[in-house]
Amino acid sequence: MSTKRKVTKWVSLALIALLLMLTFGCEQKADQPAAAPSASGDAKAGAAQGNFQAAGFPIVQNKITMTAFAPQSANIADLNTNWFTKYLEQKTNIHLDWQLVPQDGLNEKKQLLLASGDYPDIFMQGNLTKEEQLLYGQQGVFIPLNKLIDQYAPNIKKAFKDIPYLEKAITAPDGNIYAIPSINECFHCQFGSKMWVDSKWLKNLGMEPPKTTDDFYNMLKAFKEKDPNGNGKQDEIPLTGSPTGWYTDVFSFVMNAFIYFNKDNNYFDMHNGKLETIADKPGFKKGLQYLHKLYAEGLIDKEAFTQKSDALAQKGNHPDVAIAGAIPAGWFGEFTDASPNATRHKEYDPIAPLTGPDGISYAAHYVGVGNSVFAITNKNKNPEAAIRLADYLYSEEGTIMSNFGEEGRNWVKSGADEKNLRGTAPKITIKETSYGVGQVQNDHWNQMGPGLRSAEFRETVMATGQDPYTMDGLELRLYNATKKLYDGHQPKEEFPTDIFLTPDQSNQVKQLKPIIKDYIEQSMLQFIMGAKDLDKDWDAYVKGLGSSGIGQFLQIYQDAYDKMNKK
């Protein structure tokens with residue numbers, strides 16, 4: 001399950017940025033960092049020391065220690081005494097001396113360490129942005145991993161072959177790989193922009209799930225006027241949402257019936273390799289007109305544009321009867337109780353992408369690796385051992401152990417009558433006595449560090465409950481709905497979510513993006529709520545968008561895209 005990420009404010013950001021600018025050096029050739037140890041240029045150097053083993057376990061004959069950066073997760077009692085930490089040390093002979101920082105302060109502390117030079121041997125969970133990878137890679141702080149991977153990391157190399165976008169997504173413009181991501185190919189997360197509708201209300205009104213924007217409008221009108229919850233009160237909220245949850249905004253799902261709308265990708269669209277913005281297109285305007293109609297007729301909750309996630313959940317969990325008819329969300333737990341004994345969520349089912357008046361029916365789609373987590377620094381005297389450690393975490397065994405814990409206690413081999421998401425025989429079954437989301441435990445790393453939860457792993461390795469309306473069958477419910485309703489509605493050509501920018505490009509984007517994003521989103525609100533008129537004020541809006549720097553913004557990403565595709 002994908003979780004929402006919160007980025008904290010960096011302390012003394014201006015000072016750090018100035019220091020980085022002053023210390024940033026010239027671009028180096030591939031595999032020639034400014035201050036990397038010899039082992040990064042010749043991965044065989046460490047093997048001659050006699051302690052390192054290029055294959056098999058332990059990774060080193062005599063125990064070594066590596067300092068490792070990671071957040072202190074609220075869901076892990078103690079990484080030092082954690083069962084998997086101990087298991088990993090026993091298997092590899094590598095002792096991890098943890099440099100733990102508070103989860104909320106991870107980015108700030110990371111920046112301070114890197115700027116000061118007081119950084120560890122490895123970043124185990126560094127939340128390393130593309131800009132950080134390139135900057136510190138070319139400074140020599142992060143060593144290139146290409147040769148190390150080629151010689152000592154068969155599981156990572158196999159992942160490059162099995163996942164077509166992976167290697168390109170983590171290869172910097174200079175040709176080097178400086179950091180390794182944690183892969184989590186969550187199928188239902190890739191189509192997070194879903195619309196959940198109270199099926200009980202539809203049944204009470206004798207209505208079918210809507211297929212078109214006209215159907216959706218008629219459904220919301222009926223929700224408002226015909227007492228679908230049957231309590232004799234006009235307390236129903238036809239459509240609500242929140243700007244703070246996971247795809248709980250009221251824009252994304254609806255707008256995709258008029259134009260491809262992916263707010264997480266800078267409102268970009270691709271046609272024949274050329275990048276465009278959707279924010280000045282006729283389909284964008286039509287979508288806003290439709291949303292304004294819903295709002296003007298009281299079909300959209302007036303609080304949907306401002307309320308926090310907890311306020312949305314209060315409406316979704318209204319006692320006695322449901323009062324919210326349609327709610328956008330990545331999954332139902334965003335707006336209603338998802339505990340094992342809860343029942344309200346059973347009323348809600350996702351609907352297929354709506355078809356708009358011009359025959360458009362898109363689903364917002366996201367696939368990529370995001371920020372990387374693992375990097376080896378130039379302080380590490382055993383880079384070969386470090387890459388083998390990461391490679392083990394990319395193995396099936398390493399992924400199972402690090403994510404679920406000990407065989408027999410946390411998981412068991414699956415029985416002959418069990419099934420995975422694809423309906424075939426799984427390999428492991430997570431025990432009922434294992435830990436749920438948010439519970440404190442000390443058996444595993446709780447998705448921390450590099451790992452390979454590929455689509456193949458998620459859909460075949462683990463058993464799942466076969467009743468989709470129980471918590472054991474949650475993954476099956478989301479998988480089946482996504483497969484049936486959303487898969488295939490993504491555009492044929494998509495701008496990649498993982499793309500490297502040069503430091504100069506990155507600095508320009510940091511200045512332009514907030515201005516452009518705020519302008520588009522504030523204008524959307526004004527058009528939907530009627531503060532601006534789409535007929536009278538549209539041309540002025542488009543002119544203002546041009547003045548916001550959108551042309552320069554698009555060109556930066558077009559240049560980065562063209563360079564990436566020349567590799």
# chains A, B, ... in the order shown; residues from 1 in each chain; ligands from 1

$ closest_atom_pairs --of "region 426-528 of chain A" --to "region 284-290 of chain A" --cutoff "12 Å" --atoms "only C-alpha atoms" --output "Markdown table"
| residue | atom | partner | partner_atom | distance |
| --- | --- | --- | --- | --- |
| A:Ile520 | CA | A:Phe284 | CA | 11.0 |
| A:Glu521 | CA | A:Leu288 | CA | 11.4 |
| A:Ser523 | CA | A:Leu288 | CA | 10.0 |
| A:Met524 | CA | A:Leu288 | CA | 7.0 |
| A:Leu525 | CA | A:Leu288 | CA | 9.0 |
| A:Gln526 | CA | A:Leu288 | CA | 9.9 |
| A:Phe527 | CA | A:Leu288 | CA | 6.7 |
| A:Ile528 | CA | A:Leu288 | CA | 6.0 |

$ write_last_selection --atoms "N, CA and C atoms" --output "short mmCIF file (atom, residue, chain, number, x, y, z; two decimals), in the first residue's frame"
data_model
loop_
_atom_site.label_atom_id
_atom_site.label_comp_id
_atom_site.auth_asym_id
_atom_site.auth_seq_id
_atom_site.Cartn_x
_atom_site.Cartn_y
_atom_site.Cartn_z
N ILE A 520 -2.07 27.76 -11.67
CA ILE A 520 -3.04 26.84 -12.26
C ILE A 520 -4.08 26.42 -11.24
N GLU A 521 -3.65 26.03 -10.06
CA GLU A 521 -4.58 25.47 -9.09
C GLU A 521 -5.49 26.54 -8.49
N SER A 523 -6.41 29.24 -10.08
CA SER A 523 -7.33 29.58 -11.17
C SER A 523 -8.42 28.52 -11.31
N MET A 524 -8.05 27.26 -11.17
CA MET A 524 -9.05 26.20 -11.21
C MET A 524 -10.13 26.41 -10.16
N LEU A 525 -9.71 26.70 -8.94
CA LEU A 525 -10.67 26.93 -7.87
C LEU A 525 -11.57 28.12 -8.17
N GLN A 526 -10.97 29.18 -8.67
CA GLN A 526 -11.76 30.38 -8.98
C GLN A 526 -12.77 30.11 -10.08
N PHE A 527 -12.39 29.34 -11.09
CA PHE A 527 -13.33 29.01 -12.17
C PHE A 527 -14.44 28.09 -11.67
N ILE A 528 -14.08 27.09 -10.89
CA ILE A 528 -15.08 26.13 -10.41
C ILE A 528 -16.07 26.80 -9.46
#

$ residues_around --residues "region 501-506 of chain A" --least-positions-apart "2" --cutoff "8 Å" --atoms "only C-alpha atoms" --output "list of chain:residue names"
A:Lys130, A:Glu131, A:Leu134, A:Leu135, A:Pro173, A:Ile499, A:Gln508, A:Val509, A:Lys510, A:Ile556, A:Tyr557, A:Ala560

$ residues_around --residues "Pro164 (chain A)" --least-positions-apart "5" --cutoff "12 Å" --atoms "only C-alpha atoms" --output "list in words"
Lys157, Lys158, Ala159, Ala169, Ile170, Val367, Gly368, Val369 and Ser454 of chain A

$ residues_around --residues "Phe57 (chain A)" --least-positions-apart "6" --cutoff "12 Å" --atoms "only C-alpha atoms" --output "MDAnalysis selection string"
chainID A and resid 51 88:94 385 388:389 392

$ select_by_dssp --residues "region 389-521 of chain A" --states "helix (DSSP H, G or I)" --output "ChimeraX atom specification"
/A:389-393,396-404,455-461,471-486,503-521

$ residues_around --residues "Thr343 (chain A)" --least-positions-apart "2" --cutoff "12 Å" --atoms "only C-alpha atoms" --output "PDB file with N, CA and C atoms, in the first residue's frame"
ATOM      1  N   GLY A 316     -17.208  10.457   6.188  1.00  0.00           N
ATOM      2  CA  GLY A 316     -17.310   9.078   5.733  1.00  0.00           C
ATOM      3  C   GLY A 316     -17.736   8.118   6.822  1.00  0.00           C
ATOM      4  N   ASN A 317     -17.400   8.459   8.073  1.00  0.00           N
ATOM      5  CA  ASN A 317     -17.745   7.598   9.212  1.00  0.00           C
ATOM      6  C   ASN A 317     -18.953   8.110   9.986  1.00  0.00           C
ATOM      7  N   PRO A 319     -22.125   8.520  11.954  1.00  0.00           N
ATOM      8  CA  PRO A 319     -22.833   7.425  12.645  1.00  0.00           C
ATOM      9  C   PRO A 319     -24.217   7.161  12.041  1.00  0.00           C
ATOM     10  N   ASP A 320     -24.698   5.973  12.279  1.00  0.00           N
ATOM     11  CA  ASP A 320     -26.046   5.530  11.877  1.00  0.00           C
ATOM     12  C   ASP A 320     -26.155   5.269  10.378  1.00  0.00           C
ATOM     13  N   VAL A 321     -26.060   6.318   9.559  1.00  0.00           N
ATOM     14  CA  VAL A 321     -26.201   6.124   8.109  1.00  0.00           C
ATOM     15  C   VAL A 321     -25.093   6.869   7.378  1.00  0.00           C
ATOM     16  N   ALA A 322     -24.822   6.436   6.157  1.00  0.00           N
ATOM     17  CA  ALA A 322     -23.852   7.148   5.323  1.00  0.00           C
ATOM     18  C   ALA A 322     -24.461   8.456   4.850  1.00  0.00           C
ATOM     19  N   PHE A 332     -10.500   3.112   0.026  1.00  0.00           N
ATOM     20  CA  PHE A 332     -11.579   3.567   0.895  1.00  0.00           C
ATOM     21  C   PHE A 332     -11.107   3.988   2.281  1.00  0.00           C
ATOM     22  N   GLY A 333      -9.931   3.504   2.692  1.00  0.00           N
ATOM     23  CA  GLY A 333      -9.405   3.889   3.996  1.00  0.00           C
ATOM     24  C   GLY A 333      -9.093   5.367   4.123  1.00  0.00           C
ATOM     25  N   THR A 336     -13.033   6.351   5.252  1.00  0.00           N
ATOM     26  CA  THR A 336     -13.863   5.610   6.201  1.00  0.00           C
ATOM     27  C   THR A 336     -13.024   4.573   6.934  1.00  0.00           C
ATOM     28  N   ASP A 337     -13.556   4.060   8.005  1.00  0.00           N
ATOM     29  CA  ASP A 337     -12.849   3.131   8.873  1.00  0.00           C
ATOM     30  C   ASP A 337     -12.450   1.868   8.116  1.00  0.00           C
ATOM     31  N   ALA A 338     -11.183   1.504   8.238  1.00  0.00           N
ATOM     32  CA  ALA A 338     -10.687   0.305   7.559  1.00  0.00           C
ATOM     33  C   ALA A 338     -10.215  -0.751   8.551  1.00  0.00           C
ATOM     34  N   SER A 339     -10.664  -0.676   9.789  1.00  0.00           N
ATOM     35  CA  SER A 339     -10.279  -1.669  10.786  1.00  0.00           C
ATOM     36  C   SER A 339     -11.000  -2.992  10.519  1.00  0.00           C
ATOM     37  N   PRO A 340     -10.501  -4.111  11.061  1.00  0.00           N
ATOM     38  CA  PRO A 340     -11.058  -5.432  10.727  1.00  0.00           C
ATOM     39  C   PRO A 340     -12.553  -5.583  10.970  1.00  0.00           C
ATOM     40  N   ASN A 341     -13.115  -4.905  11.963  1.00  0.00           N
ATOM     41  CA  ASN A 341     -14.533  -5.075  12.272  1.00  0.00           C
ATOM     42  C   ASN A 341     -15.430  -4.006  11.646  1.00  0.00           C
ATOM     43  N   HIS A 345     -17.323   0.576   4.927  1.00  0.00           N
ATOM     44  CA  HIS A 345     -16.577   0.550   3.668  1.00  0.00           C
ATOM     45  C   HIS A 345     -17.166  -0.430   2.653  1.00  0.00           C
ATOM     46  N   LYS A 346     -17.923  -1.413   3.126  1.00  0.00           N
ATOM     47  CA  LYS A 346     -18.496  -2.398   2.213  1.00  0.00           C
ATOM     48  C   LYS A 346     -19.565  -1.797   1.307  1.00  0.00           C
ATOM     49  N   GLU A 347     -20.086  -0.628   1.685  1.00  0.00           N
ATOM     50  CA  GLU A 347     -21.083   0.035   0.842  1.00  0.00           C
ATOM     51  C   GLU A 347     -20.468   0.652  -0.410  1.00  0.00           C
ATOM     52  N   TYR A 348     -19.159   0.925  -0.372  1.00  0.00           N
ATOM     53  CA  TYR A 348     -18.528   1.711  -1.432  1.00  0.00           C
ATOM     54  C   TYR A 348     -17.768   0.836  -2.425  1.00  0.00           C
ATOM     55  N   TYR A 469     -14.144  -8.178   0.548  1.00  0.00           N
ATOM     56  CA  TYR A 469     -14.730  -7.217   1.478  1.00  0.00           C
ATOM     57  C   TYR A 469     -14.285  -7.448   2.925  1.00  0.00           C
ATOM     58  N   THR A 470     -13.206  -8.243   3.087  1.00  0.00           N
ATOM     59  CA  THR A 470     -12.548  -8.366   4.383  1.00  0.00           C
ATOM     60  C   THR A 470     -11.176  -7.714   4.274  1.00  0.00           C
ATOM     61  N   MET A 471     -10.565  -7.414   5.417  1.00  0.00           N
ATOM     62  CA  MET A 471      -9.244  -6.809   5.386  1.00  0.00           C
ATOM     63  C   MET A 471      -8.208  -7.785   4.822  1.00  0.00           C
TER      64      MET A 471
END

$ atom_distance --atom1 "CA of Asp487 (chain A)" --atom2 "CA of Ile259 (chain A)"
17.0 Å

$ residues_around --residues "Trp445 (chain A)" --least-positions-apart "5" --cutoff "9 Å" --atoms "only C-alpha atoms" --output "PyMOL selection string"
chain A and resi 73+75-76+79+82-85+401-405

$ atom_distance --atom1 "CA of Pro514 (chain A)" --atom2 "CA of Glu303 (chain A)"
23.9 Å

$ closest_residue --among "A:Leu275, A:Ala313, A:Met270, A:Leu452" --to "Ser242 (chain A)" --atoms "only C-alpha atoms"
A:Ala313

$ atom_distance --atom1 "CA of Met207 (chain A)" --atom2 "CA of Lys221 (chain A)"
12.0 Å
